[in-house]
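Colleague: data_39.cif is the file, holding mmCIF, C-alpha atoms and all ligand atoms:
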```cif
data_final
#
loop_
_atom_site.label_atom_id
_atom_site.label_comp_id
_atom_site.auth_asym_id
_atom_site.auth_seq_id
_atom_site.Cartn_x
_atom_site.Cartn_y
_atom_site.Cartn_z
CA MET E 726 8.50 8.52 -30.75
CA HIS E 727 7.79 10.23 -27.49
CA GLN E 728 4.53 11.63 -28.86
CA ILE E 729 3.42 8.26 -30.15
CA LEU E 730 4.08 6.65 -26.80
CA ALA E 731 2.01 9.30 -25.09
CA VAL E 732 -0.93 8.50 -27.32
CA VAL E 733 -0.50 4.75 -26.90
CA ALA E 734 -0.48 5.32 -23.17
CA CYS E 735 -3.88 6.94 -23.23
CA ILE E 736 -5.51 5.91 -26.47
CA LEU E 737 -8.91 5.81 -24.91
CA ASP E 738 -8.78 9.00 -22.98
CA GLY E 739 -12.12 10.58 -23.88
CA HIS E 740 -11.65 13.20 -26.56
CA THR E 741 -8.03 12.25 -27.21
CA ARG E 742 -9.27 8.83 -28.16
CA ASN E 743 -8.86 9.27 -31.90
CA MET E 744 -6.45 12.12 -31.78
CA SER E 745 -3.46 11.95 -34.07
CA PRO E 746 0.00 11.97 -32.50
CA ALA E 747 0.60 15.41 -33.93
CA ALA E 748 -2.40 16.78 -32.10
CA THR E 749 -1.33 15.32 -28.79
CA SER E 750 0.62 17.09 -26.12
CA THR E 751 4.33 16.37 -26.20
CA SER E 752 4.62 16.57 -22.47
CA SER E 753 4.73 13.45 -20.35
CA PRO E 754 1.16 12.30 -19.93
CA THR E 755 1.52 11.28 -16.34
CA ALA E 756 1.49 13.42 -13.28
CA LYS E 757 4.65 11.64 -12.26
CA THR E 758 6.90 14.20 -13.82
CA ALA E 759 4.49 16.91 -12.71
CA THR E 760 5.02 16.11 -9.06
CA ASN E 761 5.99 19.27 -7.34
CA PRO E 762 9.61 18.97 -6.22
CA GLY E 763 9.99 19.55 -2.54
CA ALA E 764 6.25 19.79 -2.24
CA GLY E 765 6.37 17.95 1.01
CA LYS E 766 3.45 16.98 3.07
CA THR E 767 0.51 19.02 2.00
CA ALA E 768 1.18 20.03 -1.57
CA ASP E 769 -1.37 19.54 -4.29
CA THR E 770 0.66 17.89 -7.03
CA SER E 771 -2.23 16.66 -9.06
CA THR E 772 -2.68 17.89 -12.59
CA SER E 773 -5.57 15.53 -13.07
CA THR E 774 -9.14 16.51 -13.79
CA SER E 775 -10.28 13.67 -11.57
CA THR E 776 -12.62 14.41 -8.70
CA SER E 777 -10.21 12.81 -6.23
CA THR E 778 -10.04 14.24 -2.75
CA SER E 779 -6.46 13.10 -2.17
CA THR E 780 -5.14 16.59 -1.74
CA SER E 781 -7.78 17.70 0.73
CA THR E 782 -6.45 18.84 4.06
CA THR E 783 -9.72 18.41 5.95
CA THR E 784 -9.57 16.02 8.84
CA VAL E 785 -11.86 13.06 9.35
CA THR E 786 -13.19 12.07 12.75
CA LEU E 787 -13.13 8.52 14.00
CA LEU E 788 -16.91 8.42 13.78
CA GLU E 789 -16.91 9.62 10.18
CA ALA E 790 -14.23 7.07 9.27
CA ARG E 791 -16.17 4.25 10.91
CA ALA E 792 -19.20 5.18 8.82
CA ARG E 793 -17.21 4.49 5.63
CA TYR E 794 -17.28 0.74 6.36
CA ALA E 795 -20.38 -1.14 5.29
CA SER E 796 -19.63 -4.08 7.54
CA GLY E 797 -17.04 -5.48 9.89
CA ARG E 798 -18.92 -6.89 12.87
CA GLY E 799 -16.94 -9.92 14.03
CA TYR E 800 -14.14 -9.26 11.57
CA LEU E 801 -10.98 -9.25 13.69
CA ALA E 802 -8.43 -9.84 10.98
CA ALA E 803 -7.04 -6.52 9.78
CA CYS E 804 -3.61 -7.98 10.54
CA THR E 805 -4.30 -10.50 7.78
CA LEU E 806 -6.34 -8.43 5.35
CA GLY E 807 -8.04 -5.07 5.87
CA LEU E 808 -11.59 -4.29 4.81
CA PRO E 809 -12.33 -1.82 2.02
CA THR E 810 -14.34 1.32 2.67
CA ILE E 811 -17.43 1.99 0.57
CA ASP E 812 -15.31 4.57 -1.26
CA THR E 813 -12.69 2.01 -2.25
CA ILE E 814 -15.39 -0.37 -3.42
CA ALA E 815 -17.05 2.36 -5.49
CA ALA E 816 -13.74 3.46 -7.02
CA MET E 817 -12.82 -0.09 -7.98
CA ARG E 818 -16.25 -0.81 -9.42
CA ALA E 819 -16.08 2.34 -11.52
CA ASP E 820 -12.61 1.42 -12.68
CA THR E 821 -13.68 -2.10 -13.64
CA GLU E 822 -16.55 -0.64 -15.62
CA ALA E 823 -14.23 1.80 -17.34
CA TRP E 824 -11.79 -0.99 -18.12
CA ALA E 825 -14.55 -3.20 -19.54
CA GLY E 826 -15.76 -0.30 -21.64
CA GLY E 827 -12.33 0.30 -23.09
CA GLN E 828 -12.00 3.55 -21.18
CA ALA E 829 -9.13 2.63 -18.89
CA CYS E 830 -6.19 4.91 -19.38
CA ALA E 831 -2.53 4.42 -18.49
CA SER E 832 -1.87 8.08 -17.94
CA ARG E 833 -4.82 8.47 -15.60
CA TYR E 834 -3.63 5.47 -13.63
CA GLY E 835 -0.28 7.24 -13.40
CA GLU E 836 -1.99 10.30 -11.96
CA VAL E 837 -3.72 8.14 -9.37
CA VAL E 838 -0.39 6.62 -8.36
CA GLU E 839 1.14 10.06 -7.92
CA ARG E 840 -1.72 11.26 -5.74
CA VAL E 841 -1.43 8.16 -3.60
CA ARG E 842 2.32 8.66 -3.33
CA VAL E 843 1.74 12.20 -2.05
CA GLY E 844 -0.99 11.04 0.32
CA TYR E 845 1.17 8.28 1.75
CA ALA E 846 4.10 10.65 2.17
CA ASP E 847 1.81 12.92 4.15
CA LEU E 848 0.59 10.03 6.29
CA VAL E 849 4.09 8.95 7.33
CA ASN E 850 5.73 12.39 7.53
CA VAL E 851 8.11 12.36 4.58
CA THR E 852 8.15 14.16 1.24
CA ALA E 853 6.80 12.47 -1.87
CA HIS E 854 10.33 12.68 -3.26
CA SER E 855 11.47 10.04 -0.81
CA VAL E 856 8.67 7.55 -1.56
CA ALA E 857 9.03 4.73 -4.08
CA ILE E 858 6.16 2.46 -5.01
CA GLY E 859 5.76 -1.22 -5.78
CA SER E 860 3.65 -4.24 -5.05
CA GLN E 861 5.32 -6.29 -2.30
CA THR E 862 7.52 -5.58 0.69
CA SER E 863 9.73 -8.60 -0.03
CA VAL E 864 10.75 -7.00 -3.33
CA MET E 865 11.64 -3.79 -1.49
CA ALA E 866 13.60 -5.64 1.19
CA GLY E 867 15.22 -7.57 -1.66
CA LEU E 868 16.44 -4.35 -3.21
CA ILE E 869 18.17 -3.43 0.03
CA ALA E 870 19.48 -6.96 0.50
CA ALA E 871 20.98 -6.97 -2.99
CA SER E 872 22.70 -3.67 -2.22
CA LEU E 873 24.44 -4.84 0.96
CA PRO E 874 28.21 -4.90 0.68
CA ASP E 875 29.68 -8.41 0.44
CA GLY E 876 30.17 -9.85 3.92
CA ALA E 877 27.89 -7.30 5.61
CA GLU E 878 26.04 -8.16 8.81
CA VAL E 879 22.29 -7.68 9.19
CA VAL E 880 20.58 -7.98 12.57
CA LEU E 881 16.89 -8.92 12.70
CA PRO E 882 14.40 -9.97 15.37
CA LEU E 883 13.68 -13.68 15.71
CA GLY E 884 10.22 -14.44 14.36
CA ASP E 885 9.91 -11.38 12.15
CA PHE E 886 7.80 -11.79 9.01
CA SER E 887 9.68 -13.71 6.36
CA SER E 888 9.36 -11.02 3.69
CA MET E 889 11.76 -9.06 5.91
CA VAL E 890 14.04 -11.99 6.67
CA PHE E 891 14.34 -14.19 3.58
CA PRO E 892 15.69 -11.48 1.24
CA PHE E 893 18.69 -11.11 3.56
CA LEU E 894 19.16 -14.84 4.06
CA ALA E 895 19.18 -15.14 0.27
CA GLN E 896 22.43 -13.14 0.18
CA ALA E 897 24.44 -15.77 2.09
CA HIS E 898 26.38 -16.66 -1.08
CA ARG E 899 28.06 -13.22 -0.85
CA GLY E 900 29.07 -13.74 2.75
CA VAL E 901 26.18 -11.64 4.10
CA THR E 902 25.44 -12.80 7.63
CA VAL E 903 22.05 -12.52 9.29
CA ARG E 904 21.95 -12.52 13.06
CA GLN E 905 18.46 -13.08 14.50
CA VAL E 906 17.98 -12.10 18.13
CA PRO E 907 14.96 -11.68 20.42
CA LEU E 908 13.13 -8.44 19.63
CA ALA E 909 13.75 -7.14 23.15
CA ASP E 910 17.52 -7.54 22.61
CA LEU E 911 17.64 -5.92 19.19
CA ALA E 912 19.04 -2.56 20.28
CA SER E 913 21.71 -4.07 22.52
CA SER E 914 22.75 -6.55 19.82
CA LEU E 915 24.05 -3.98 17.36
CA THR E 916 27.80 -3.58 17.01
CA ALA E 917 30.06 -1.40 14.90
CA ASN E 918 30.09 -4.39 12.55
CA THR E 919 26.35 -4.28 11.89
CA TRP E 920 25.60 -2.70 8.53
CA LEU E 921 21.81 -2.86 8.83
CA VAL E 922 19.21 -3.45 11.52
CA ALA E 923 15.86 -4.50 10.03
CA PHE E 924 12.66 -5.03 11.99
CA SER E 925 8.90 -4.74 11.84
CA LEU E 926 7.55 -1.90 13.95
CA VAL E 927 4.72 -4.23 14.94
CA GLN E 928 5.36 -7.97 14.92
CA SER E 929 3.00 -9.92 12.71
CA ALA E 930 2.58 -12.97 14.94
CA THR E 931 2.18 -11.24 18.30
CA GLY E 932 1.41 -7.58 17.67
CA THR E 933 4.37 -6.56 19.83
CA VAL E 934 5.43 -2.97 19.18
CA ALA E 935 9.20 -2.66 18.83
CA ASP E 936 11.05 -0.11 20.93
CA SER E 937 12.07 1.85 17.85
CA ASP E 938 13.51 4.75 19.88
CA ALA E 939 16.00 2.42 21.54
CA ILE E 940 16.83 0.67 18.27
CA ARG E 941 17.44 3.96 16.46
CA ALA E 942 19.53 5.31 19.33
CA ALA E 943 21.72 2.19 19.31
CA ALA E 944 22.02 2.30 15.52
CA ARG E 945 23.23 5.90 15.70
CA VAL E 946 26.01 4.86 18.07
CA THR E 947 27.14 1.87 15.98
CA GLY E 948 26.72 3.61 12.61
CA THR E 949 24.12 1.04 11.52
CA PHE E 950 21.46 1.74 8.88
CA THR E 951 17.83 1.19 9.92
CA LEU E 952 15.06 -0.50 7.93
CA CYS E 953 11.59 -0.64 9.45
CA ASP E 954 8.61 -2.60 8.08
CA THR E 955 5.49 -0.65 9.01
CA THR E 956 2.97 -3.01 7.39
CA GLN E 957 1.41 -4.02 10.73
CA ALA E 958 1.61 -0.49 12.16
CA ALA E 959 0.61 2.15 9.60
CA GLY E 960 -3.16 2.57 9.82
CA TRP E 961 -3.69 2.01 13.54
CA MET E 962 -0.85 3.95 15.19
CA PRO E 963 1.23 7.01 14.31
CA VAL E 964 4.18 6.16 12.04
CA ASP E 965 7.01 8.58 11.35
CA ALA E 966 8.99 7.14 8.45
CA SER E 967 11.42 10.07 8.53
CA GLN E 968 12.97 8.51 11.63
CA PHE E 969 14.43 5.59 9.66
CA ASP E 970 16.89 5.24 6.81
CA ALA E 971 14.21 3.23 5.02
CA THR E 972 10.73 1.88 5.62
CA ILE E 973 8.59 -0.57 3.70
CA CYS E 974 4.83 -0.97 3.96
CA HIS E 975 2.25 -3.13 2.23
CA SER E 976 -1.05 -1.30 2.56
CA TYR E 977 -3.59 -4.13 2.25
CA LYS E 978 -3.88 -4.66 5.98
CA TRP E 979 -4.35 -1.71 8.33
CA LEU E 980 -4.48 0.85 5.52
CA CYS E 981 -7.35 -1.05 3.89
CA ALA E 982 -6.06 -0.79 0.34
CA PRO E 983 -6.23 -3.67 -2.15
CA ARG E 984 -3.28 -6.06 -2.05
CA GLY E 985 -0.52 -4.97 -4.40
CA VAL E 986 0.04 -1.41 -3.19
CA ALA E 987 3.31 -1.09 -1.30
CA PHE E 988 5.54 1.82 -0.35
CA PHE E 989 9.24 2.26 0.22
CA THR E 990 10.51 5.41 1.91
CA VAL E 991 14.21 6.11 1.81
CA ALA E 992 16.49 8.84 3.14
CA GLU E 993 18.82 10.33 0.54
CA THR E 994 22.01 9.19 2.23
CA PHE E 995 20.76 5.64 2.35
CA ALA E 996 19.37 5.76 -1.19
CA ALA E 997 22.89 6.52 -2.36
CA GLN E 998 23.92 3.08 -1.05
CA LEU E 999 21.26 1.23 -3.05
CA HIS E 1000 21.32 -0.26 -6.54
CA PRO E 1001 18.02 0.07 -8.44
CA ILE E 1002 18.00 -3.63 -9.30
CA ASN E 1003 14.29 -3.68 -10.14
CA ALA E 1004 14.46 -0.73 -12.51
CA GLY E 1005 12.07 -0.87 -15.44
CA TRP E 1006 10.19 1.76 -17.38
CA TYR E 1007 8.51 3.07 -14.23
CA ALA E 1008 11.85 3.96 -12.67
CA GLY E 1009 12.70 6.22 -15.57
CA ASP E 1010 13.00 9.94 -15.13
CA ASP E 1011 10.47 10.36 -17.93
CA LEU E 1012 8.24 7.29 -18.04
CA TRP E 1013 7.24 7.45 -21.63
CA ALA E 1014 10.74 8.14 -22.83
CA SER E 1015 11.97 5.16 -20.80
CA CYS E 1016 10.07 2.37 -22.49
CA TYR E 1017 12.77 1.06 -24.80
CA GLY E 1018 16.19 2.41 -23.85
CA PRO E 1019 18.82 1.77 -25.10
CA ALA E 1020 20.18 4.10 -22.43
CA MET E 1021 18.85 4.14 -18.87
CA ALA E 1022 17.97 7.54 -17.41
CA LEU E 1023 16.50 6.90 -14.00
CA ALA E 1024 14.66 9.39 -11.81
CA ALA E 1025 16.87 11.28 -9.40
CA GLU E 1026 14.50 10.93 -6.49
CA ALA E 1027 13.28 7.75 -4.74
CA ARG E 1028 11.03 6.82 -7.62
CA ARG E 1029 14.09 5.39 -9.38
CA PHE E 1030 13.27 2.43 -7.12
CA ASP E 1031 9.66 2.25 -8.36
CA VAL E 1032 8.35 -1.00 -9.75
CA SER E 1033 5.49 -0.51 -12.22
CA PRO E 1034 2.16 -0.38 -10.37
CA ALA E 1035 -0.71 -2.90 -10.50
CA TRP E 1036 -3.01 -0.15 -11.74
CA PRO E 1037 -6.50 -1.17 -10.54
CA ALA E 1038 -5.18 -1.77 -7.03
CA TRP E 1039 -4.02 1.84 -6.87
CA VAL E 1040 -7.48 3.06 -7.80
CA GLY E 1041 -8.79 1.29 -4.72
CA ALA E 1042 -5.89 2.53 -2.62
CA GLU E 1043 -6.55 6.20 -3.33
CA PRO E 1044 -9.62 6.64 -1.08
CA ALA E 1045 -8.04 4.34 1.50
CA ILE E 1046 -4.78 6.24 1.88
CA ASP E 1047 -6.66 9.50 1.73
CA LEU E 1048 -8.88 8.45 4.62
CA PHE E 1049 -6.01 7.41 6.88
CA ARG E 1050 -3.97 10.46 6.02
CA ARG E 1051 -6.80 12.66 7.28
CA LEU E 1052 -7.39 10.75 10.51
CA ASP E 1053 -5.81 11.58 13.85
CA MET E 1054 -3.67 8.48 14.35
CA THR E 1055 -3.42 9.05 18.09
CA GLU E 1056 -7.21 8.82 18.25
CA VAL E 1057 -7.19 5.68 16.09
CA ARG E 1058 -4.61 4.12 18.38
CA ALA E 1059 -6.70 4.93 21.44
CA HIS E 1060 -9.68 3.20 19.79
CA THR E 1061 -7.89 0.10 18.44
CA ALA E 1062 -5.44 -0.51 21.30
CA GLY E 1063 -8.21 0.40 23.78
CA LEU E 1064 -10.25 -2.53 22.42
CA GLY E 1065 -7.11 -4.68 22.57
CA ASP E 1066 -6.64 -3.79 26.23
CA ALA E 1067 -10.31 -4.44 26.99
CA LEU E 1068 -9.94 -7.92 25.55
CA SER E 1069 -6.69 -8.46 27.47
CA ASP E 1070 -8.53 -7.52 30.68
CA GLY E 1071 -11.25 -10.04 29.90
CA LEU E 1072 -8.72 -12.78 29.13
CA GLY E 1073 -6.55 -12.01 32.15
CA LEU E 1074 -3.64 -11.01 29.93
CA PRO E 1075 -1.40 -8.01 30.56
CA ARG E 1076 -2.47 -4.77 28.88
CA LEU E 1077 0.00 -4.11 26.05
CA ASP E 1078 -1.49 -1.09 24.28
CA GLN E 1079 -1.69 -3.12 21.06
CA ALA E 1080 -4.35 -3.40 18.36
CA ILE E 1081 -3.33 -7.04 17.91
CA VAL E 1082 -3.89 -9.39 20.84
CA SER E 1083 -2.52 -12.92 20.69
CA TRP E 1084 -2.23 -15.83 23.11
CA PRO E 1085 -0.94 -19.40 22.98
CA ASP E 1086 -3.31 -21.70 21.10
CA ALA E 1087 -1.09 -24.49 19.83
CA GLY E 1088 -3.91 -26.88 18.99
CA GLY E 1089 -6.07 -24.18 17.42
CA ARG E 1090 -8.97 -24.80 19.85
CA ASP E 1091 -9.61 -21.15 20.60
CA LEU E 1092 -9.43 -20.26 16.95
CA ALA E 1093 -12.01 -22.96 16.23
CA ARG E 1094 -14.27 -21.57 18.98
CA LEU E 1095 -14.05 -18.11 17.49
CA ALA E 1096 -14.79 -19.44 14.03
CA SER E 1097 -17.86 -21.33 15.21
CA ALA E 1098 -19.13 -18.12 16.81
CA GLY E 1099 -18.83 -16.43 13.42
CA ILE E 1100 -15.73 -14.44 14.35
CA THR E 1101 -12.97 -14.04 11.79
CA ALA E 1102 -9.62 -14.28 13.55
CA SER E 1103 -6.31 -15.85 12.63
CA GLY E 1104 -3.68 -18.19 14.02
CA ARG E 1105 0.05 -17.59 13.70
CA ALA E 1106 3.08 -19.31 15.19
CA GLY E 1107 0.94 -21.45 17.50
CA ARG E 1108 -1.02 -18.47 18.77
CA ALA E 1109 -4.58 -17.24 18.30
CA ARG E 1110 -4.55 -13.68 17.00
CA VAL E 1111 -7.27 -11.04 16.87
CA ALA E 1112 -6.98 -7.51 15.56
CA PHE E 1113 -9.15 -4.49 16.29
CA HIS E 1114 -9.58 -1.80 13.70
CA LEU E 1115 -11.82 1.16 12.94
CA TRP E 1116 -14.94 -0.91 12.30
CA ASN E 1117 -14.73 -2.81 15.60
CA ASP E 1118 -16.20 -1.84 18.97
CA ARG E 1119 -16.85 -3.24 22.46
CA ASP E 1120 -19.44 -5.67 21.08
CA ASP E 1121 -16.63 -7.43 19.22
CA VAL E 1122 -14.62 -7.70 22.44
CA ASP E 1123 -17.63 -9.18 24.23
CA ALA E 1124 -18.29 -11.58 21.35
CA VAL E 1125 -14.72 -12.93 21.61
CA LEU E 1126 -15.01 -13.37 25.37
CA ASP E 1127 -18.40 -15.09 25.04
CA ALA E 1128 -17.11 -17.44 22.33
CA LEU E 1129 -14.06 -18.42 24.40
CA ARG E 1130 -16.13 -18.89 27.59
CA ARG E 1131 -18.60 -21.10 25.78
CA GLY E 1132 -15.87 -23.69 25.39
C1 LIG E 1201 5.17 -7.31 8.84
C2 LIG E 1201 4.71 -7.75 7.48
N1 LIG E 1201 5.34 -7.29 6.40
C3 LIG E 1201 4.96 -7.63 5.16
C4 LIG E 1201 3.90 -8.47 4.95
C5 LIG E 1201 3.49 -8.80 3.54
O1 LIG E 1201 4.62 -9.19 2.77
P1 LIG E 1201 4.62 -9.04 1.20
O2 LIG E 1201 4.40 -7.59 0.92
O3 LIG E 1201 5.99 -9.48 0.79
O4 LIG E 1201 3.54 -9.90 0.67
C6 LIG E 1201 3.20 -8.99 6.06
C7 LIG E 1201 2.07 -9.92 5.88
O5 LIG E 1201 1.57 -10.52 6.78
C8 LIG E 1201 3.62 -8.60 7.35
O6 LIG E 1201 2.98 -9.03 8.44
#
```
Starting from the file, lay out its structure as structure tokens.
Modeller:
Amino acid sequence: MHQILAVVACILDGHTRNMSPAATSTSSPTAKTATNPGAGKTADTSTSTSTSTSTSTTTVTLLEARARYASGRGYLAACTLGLPTIDTIAAMRADTEAWAGGQACASRYGEVVERVRVGYADLVNVTAHSVAIGSQTSVMAGLIAASLPDGAEVVLPLGDFSSMVFPFLAQAHRGVTVRQVPLADLASSLTANTWLVAFSLVQSATGTVADSDAIRAAARVTGTFTLCDTTQAAGWMPVDASQFDATICHSYKWLCAPRGVAFFTVAETFAAQLHPINAGWYAGDDLWASCYGPAMALAAEARRFDVSPAWPAWVGAEPAIDLFRRLDMTEVRAHTAGLGDALSDGLGLPRLDQAIVSWPDAGGRDLARLASAGITASGRAGRARVAFHLWNDRDDVDAVLDALRRG
């Protein structure tokens, strides 16, 4: 059975295309089980013959990274949706062609996912063992929410993105209470009663960077678990996921991957508290032996929380994650937040060292001015919001100021 599944998984894999089950390897066809245990940050876990550069340790300069974007002038919306590099576009085109030609292959997609898992682990300073994959952060927050003890208290910042908030509110029927407090008061709001503190490292609506040191220090004192959403942070500032009990990240914004590629990092002690409520075949210890049960043998490491990947999206994510993993995030922060501060200067706003700059715009007039000047920005919670990423420069700052001055 196992052999047959392996062939079904990769029926169109070049020369194995017409191979009989007997002639096919009995080993798991994905690199998932080939991931090097304890490989950590720089290991090459790929057994693929692909030409991927995911395991390269060479660094990329800001200038080189900027050259990977074909366009982006006037695009100030990475906080809504990142732009693909030319490498992501090429990878996805090639994959679409392969798919159309009947050459797409489940096992090769699995290898891509494993390389991206390793690359992401490297980017956020954890081992690949502690990274689970999926497609949305709300599903990952939902896993944690469903694992809370009955009657547990969760503390969250007011105004955090709803994918972080609603999964916990949805547990009210079990007596779970959600206390929402101003972000600045988060650390001081924790008590010995608080089971979990959950917050976005960077707030979606305002770009405010949470004081994660203070929050973690308070959580240590109260014995509270920490969950951090890094969706609006990873890609423009350094993120160290090892500092939290768990992190979740959707990579279609600042990490410039297609939508549908999300990551969940989890410390072992916290993982022991969680129920793998989304478990399917991809959470199995051996994928291809996990397709039909009847018994459930889940992976020992974090991938027991995996939800099966949206394959083509991961093909596009591979060059994206690889690029960011090889960048110096301190340099990226200086570039992106430097542009944010330049805009703040021009608007007479305080410098906040943020890549996202927002200001009150209840009627949407400023947003309309930006749009008529050909600038792509966004409006959230009654505020105009612009975001500076790799492809932006001082000309974009000047264009915003000109558009707003024009009235
Ligand atoms: C902080 C944050 N987390 C998560 C998301 C995306 O949520 P999901 O992955 O559930 O679509 C967003 C989207 O704007 C966000 O700003």
Colleague: Which of these residues is nearest to ligand LIG 1201 (chain E), using only C-alpha atoms and all ligand atoms: E:Val841, E:Ala958, E:Leu881, E:Ala942?
Modeller: E:Ala958
Colleague: Ligand LIG 1201 (chain E): which residues are within 9 Å, counting only C-alpha atoms and all ligand atoms? Reply as an NGL selection string.
Modeller: :E and (804-806 or 860-866 or 885-889 or 924-930 or 954-958 or 973-978 or 984-987)
Colleague: Fewer than 4 positions away in the same chain doesn't count, so skip those; otherwise give me all residues within 7 Å of range 1089-1101 of chain E, counting all atoms listed in the file, as a list in words.
Modeller: Gly799, Tyr800, Leu801, Ala802, Ala1109, Val1125, Ala1128, Leu1129 and Gly1132 of chain E
Colleague: Report as an MDAnalysis selection string all protein, DNA and RNA residues lying within 9 Å of range 1070-1075 of chain E, evaluated on all atoms listed in the file, omitting residues in the same chain fewer than 4 positions from it.
Modeller: chainID E and resid 1065:1066 1084 1122:1123 1126
Colleague: Between CA of Pro809 in chain E and CA of Ala792 in chain E, what is the spacing in Å?
Modeller: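 CA of Ala792 in chain E sits 11.9 Å away from CA of Pro809 in chain E.
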Colleague: Figure out the distance between CA of Val880 in chain E and CA of Leu915 in chain E, please, to one decimal in Å.
Modeller: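 Separation between CA of Leu915 in chain E and CA of Val880 in chain E: 7.1 Å.
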Colleague: Mind pulling up the distance from CA of Phe1049 in chain E to CA of Thr782 in chain E?
Modeller: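 Rounded to one decimal, the two atoms are 11.8 Å apart.
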Colleague: I'd like to know which of E:Trp920, E:Phe893, E:Trp824, E:Phe1030 is closest to Ala1004 in chain E, using only C-alpha atoms.
Modeller: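 Under the stated criterion, the closest residue is E:Phe1030.
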Colleague: Which one is closest to Glu993 in chain E: E:Arg818, E:Arg1105, E:Arg793, E:His854? Count only C-alpha atoms.
Modeller: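 Smallest separation from Glu993 in chain E among the options: E:His854.
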Colleague: Give me the residues near Phe1113 in chain E as an NGL selection string, where near means some atom within 12 Å (using only C-alpha atoms) and where sequence neighbours in that chain fewer than 3 positions away do not count.
Modeller: :E and (797-808 or 932 or 957 or 960-962 or 978-979 or 1057-1068 or 1078-1083 or 1101-1102 or 1110 or 1116-1122 or 1125)
Colleague: Applying 8 Å and only C-alpha atoms, which residues near Arg842 in chain E remain after dropping the ones on its own chain fewer than 5 positions away? List them as a list in words.
Modeller: Ala853, Val856, Ala857 and Ile858 of chain E
Colleague: Extract, using only C-alpha atoms, all DNA, RNA and protein residues at most 8 Å from range 964-966 of chain E, discarding same-chain residues fewer than 5 positions from it, and format them as a PyMOL selection string.
Modeller: chain E and resi 848-851+955+958-959+971-972+990
Colleague: Return the single residue from E:Gly1088, E:Pro983, E:Gly1104, E:Gly826 that is closest to Thr813 in chain E, with distances computed using all atoms listed in the file.
Modeller: E:Pro983
